[in-house]
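Everything on this sheet refers to the single structure shown next.
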Amino acid sequence: MSHLLGFDIWGGWGTTLAIKAIIVLAIVPLTALILGYVFLLKMMSHMQSRLGPMDPGGFHGWYQLIGDGIKFLQKEDIMPAEADRRVFALAPAVVVLSTFLVFVVIPAGPRLVVQPLDVGVFYALAVSSLSVIGVLMAGWASSNKYALLGALRAAGQLIAYELPLVLAVVGVVVQAGTMNLQGIVHFQQTGDLFGWGGVGFPLILTQFVGFALFMVAAQAELTQPPFDMPVAESELVAGYMVEYTGFRFLFFFIGEFGTAFAFAALAATLFLGGWSTPWVHGTAADWLGPLVLFTKVMLVAFLMFWARFTYPRFREDQLQAIAWKWLIPIALINIMITGILKVAF
Amino acid sequence: MSPNADAPAEGAPTLTDESAGLLAALQAELGDAIVEHANAFGDVVVRVKPDAWRRTAQVCKEKLGCDYLSFVAGIDWMPAPLVADEGSGDTSAPVQPRDQTYGAAGSAGRYQAFAVVESTKQKATRAILKTDVGDDLRVESWVPVYAGADWHEREAWEMYGFVFDGHPSLRHIYLPAEFEGHPLRKDYPLLAREVKPWPGLVDVEPMPGGDADEEATPAASE
Amino acid sequence: MSKVLPEPGRLPEIEVDPSAFRHLADAQVNVELDTGDMVLNIGPQHPATHGTLRLVVRLDGERVIAADPIIGYMHRGYEKLTEFRTYPQITTLINRIDWLSSFANEVPFISCAEKLMNIEAPPRAQYIRTILTELSRIATFLLFLGEMGLQVGAITPAFYGFRDREYVLNLIEAVTGGRFHPNFNRIGGLKDDLPWGFISDCRSAMHKVLESCDEFEDLVAGNPIFQARTRSIGIIPPELGAAYGVSGSNLRASGVDWDLRRDGVPYLVYNELDWKVWTHPDGDSFARYWVRLQETRESARMVLQMLDMMPAGPIMAKVPRIIKVPEGEVFVNTENPLGEMGYYVISKGATGPFRVKIRSASFSNVSILPWLLRGVYIPDIITILAGLYFILGDIDR
């Protein structure tokens with residue numbers, strides 16, 4: 001891994017660890033920022049026939065979120081008097097931690113991955129569910145009935161939608177034959193459609209059901225509308241996050257949008273081919289890869305946020321019914337069909 | 001208006017057919033309980049005895065088809081004691097007559113409870129019902145007949161002090177639980193005027209068009 | 001001045017403890033998880049309550065056992081104020097009862113005064129009054145169509161509702177000078193005539209309103225999630241609704257074919273127009289949304305008719321300089337956007353009334369909430385509140 005940039009930098013595992021840590025810590029807020037600005041501020045505004053922020057930074061308000069971040073940092077740190085202090089302070093850290101951990105396995109190029117794991121997919125989905133603990137901690141420690149309601153709803157929802165998320169990906173794993181994310185990308189890059197290798201073989205073509213399931217489940221994992229009962233703005237007023245202000249709220253915000261980027265990146269990697277384009281290999285792919293991945297992530301995120309602004313929210317029991325009665329059976333059938341077809345062809 | 005005056009003043013409309021029908025039906029059902037009736041611009045106003053107040057509601061709901069309750073409220077006929085006299089130059093409120101007169105269908109005393117019921121099944125069918133409230137301020141509650149009277153009676157209790165017999169829980173609706181007094185009574189002052197007296201006409205220039213009787217001398221303020 | 005202590009009994013399950021219903025700011029909510037029941041305080045500051053309405057609900061998990069609305073945070077004492085003011089001064093005040101459709105609040109009161117004085121406004125004034133009333137209705141309902149989507153979770157329709165409402169508010173401002181509180185009615189007619197170019201602008205605005213109604217039907221009413229959230233939620237049986245005094249679109253959504261514009265004492269020019277009353281048999285929140293959607297369209301069509309039928313003439317009848325209303329009592333009620341609004345004016349011949357009883361629609365609409373909210377989930381509370389569509393100024397007067 002010390003050959004990251006093609007030459008040796010100081011050597012030693014300490015420095016590589018430090019570099020990796022810095023990369024992850026820097027990238028996550030940056031992605032949250034970009035996603036937040038492009039989709040939450042600008043795309044949503046234009047879809048609602050308004051302009052969104054225009055002044056900060058001069059050009060279409062690009063500085064808005066950075067300014068918001070600075071604003072959050074300088075706010076007073078308020079904690080409810082009856083709150084459980086340590087748990088209250090730790091909860092946002094747990095949520096953001098799970099985001100950071102997912103970014104560790106997402107590849108941006110043939111050699112641009114912080115840690116290529118052979119159980120990449122499994123690891124990514126497993127650590128992303130750590131955020132449930134953070135949500136529950138936040139809701140309980142806030143000593144607020146609204147927060148508690150939000151946290152309990154979130155717990156039920158996040159656990160329920162873990163299953164469709166994982167099962168949707170199983171089809172991809174079966175078809176690609178590996179859980180290593182680089183391996184899945186390689187599979188899509190080197191595959192072909194009936195002999196024509198022009199676009200490789202993006203797994204969305206055969207795993208379209210899996211893609212749809214993944215998108216729906218990811219939407220629910222991010223507690224975005226139509227699955228945002230835990231943070232139902234018009235009822236619970238930010239649900240489990242209601243008592244959080246200042247930089248603690250900033251953590252939640254970064255966690256939410258960072259995870260959105262992570263899930264979009266996972267979807268792009270698993271179904272759209274990730275950083276790869278079929279005709280670019282080697283070192284050039286190291287430079288082109290991040291751009292390609294970024295483009296694909298933006299496309300997937302566009303779908304996610306578009307659904308966010310359009311649909312009303314499901315009630316909790318309707319939400320659970322969809323997960324258990326519809327998504328899981330469909331996912332299981334998808335796996336079965338994939339398996340059969342994989343063996344047959 | 002004189003008792004049983006359904007002969008209207010010049011120009012005012014007579015009782016509509018629907019109102020006349022309602023009046024006839026009420027007279028048939030309630031008979032003696034009706035003390036007086038009158039005509040308020042086409043609507044029938046019927047004053048009933050206090051002990052027949054709930055029975056009137058039942059008759060209206062079941063026999064006359066008036067299934068819709070518009071409101072139940074109170075009236076205090078006492079002349080406002082705190083308003084200025086004629087000619088004093090005080091523009092803080094319109095000058096009201098000083099004697100205690102009663103409106104359509106008369107009244108036995110200072111307080112009355114009144115209600116309007118309508119029918120959703122027949123056109124333009126509505127009745128204005130009144131009853132006198134004695135010094136003990138007790139009125140029969142309409143809640144067993146019209147469920148919506150609940151909140152209206154709470155408001156009437158809060159504003160006038162009427163105690164409705166049979167109401168499930170007579171408590172404050174608009175005002176805080178510790179509020180003392182009954183604001184809509186005529187002897188309850190308008191607190192805003194106590195806090196800051198009405199400044200009167202503060203513009204010194206004459207109104208455009210220069211009418212002499214539009215100008216008033218600016219009242220001595222503060 | 002003795003306070004009657006409340007008797008427990010009829011009010012379902014909630015122990016009526018006077019100290020529990022203080023109007024003090026309830027900033028500190030203790031996490032007191034009784035086994036079984038939890039008391040949740042929704043409001044008075046809450047995005048879903050359209051203003052300062054406070055709902056104290058007793059919950060079992062997410063189900064409501066009993067709910068008690070506490071109103072009065074915006075009580076301004078209108079009925080007391082009217083006893084100290086002249087008729088023109090009162091017209092300014094009553095704009096602010098239902099502030100979304102302010103013009104419509106003035107109409108019944110002015111009708112009361114005109115009836116007592118035996119004055120009739122000229123036909124052109126009647127037409128303009130009707131047009132402005134229907135424009136207020138469209139403005140109010142466009143807001144409703146947007147914000148009901150918002151309460152249910154879809155953020156975007158709210159913006160569309162506000163955007164389309166701007167067309168109507170611009171029209172009202174062009175005529176009256178005020179977007180929200182026109183204060184345009186005078187006893188005997190109106191303050192001013194229509195401005196130049198109003199008729200063509202109004203026509204194009206009504207066509208835009210019709211288009212946006214189609215958009216709402218597509219985006220919101222046709223959305224399966226919206227339907228899943230609103231169908232069979234908050235069903236009001238028609239007889240119970242009438243007994244509670246629920247009026248307007250809420251009652252028509254329960255199948256009661258009753259509209260004061262057609263079925264009450266005739267007022268303004270509604271019987272000269274060709275229009276229909278919309279009802280829906282279901283009585284749930286979706287039915288209320290649907291009825292208001294259709295009524296918006298109907299209002300737009302009515303305005304288009306009236307623009308073609310507008311007579312020429314004066315806009316003010318002969319009225320004495322100082323308005324003294326003769327002795328008498330009169331009750332006028334009209335079909336306002338929120339429901340039935342009525343004024344019972346008792347006059348003793350002075351320049352101001354002796355007693356005005358204001359019958360506001362939302363007061364009765366909200367009084368059905370304790371019955372309606374039993375056994376629903378918390379999200380359904382929000383849907384029901386949004387569907388009933390009340391304005392705090394109308395409840396609290």
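By convention in this document, the chains of the structure tokens carry letters A, B, ... by their order, each chain's residues are numbered from 1, and ligands are numbered from 1 in the order they are shown.
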
Residue hits in chain C, query chain A, radius 8 Å, only C-alpha atoms, as a list in words:
Val29, Asn30, Val31, Leu40, His46, Pro47, Ala48, Gly149, Leu150, Gln151, Val152, Gly153, Ala154, Ile155, Thr156, Pro157, Phe159, Tyr160, Arg163, Asn223, Ile225, Phe226, Ala228, Arg229, Pro379 and Ile382 of chain C

Find the residues of chain B in contact range of chain C, meaning any atom within 8 Å when counting only C-alpha atoms, and list them as a PyMOL selection string.
chain B and resi 11-12+40-41+67-71+73+75+83+92-97+103-104+120-125+146-149+151+161+163+168-171+173-177+180-184+190

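Residues in contact with Thr283 in chain A at up to 9 Å, not including ones fewer than 2 positions away on its chain and judged by only C-alpha atoms, are Gly109, Pro110, Arg111, Val280, His281, Ala285, Asp286, Trp287 and Leu288 of chain A.
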
Residues flagged helix (DSSP H, G or I) by DSSP in range 78-317 of chain C, as a PyMOL selection string:
chain C and resi 78-82+87-94+99-117+123-152+156-176+198-221+224-230+238-244+249-252+260-263+270-272+285-309

Work out how far apart CA of Trp275 in chain A and CA of Pro29 in chain A are and give it in Å to one decimal.
20.4 Å

Do you know which residues are at most 7 Å from range 369-372 of chain C counting only C-alpha atoms, after dropping those on the same chain fewer than 3 positions away, and could you put them as a short mmCIF file (atom, residue, chain, number, x, y, z; two decimals) with C-alpha atoms, in the first residue's frame?
```
data_model
loop_
_atom_site.label_atom_id
_atom_site.label_comp_id
_atom_site.auth_asym_id
_atom_site.auth_seq_id
_atom_site.Cartn_x
_atom_site.Cartn_y
_atom_site.Cartn_z
CA ALA C 66 -57.49 10.02 24.70
CA ALA C 67 -56.79 13.46 23.33
CA ASP C 68 -57.67 16.87 24.67
CA GLY C 234 -60.36 10.16 10.61
CA VAL C 366 -61.79 21.29 16.26
#
```
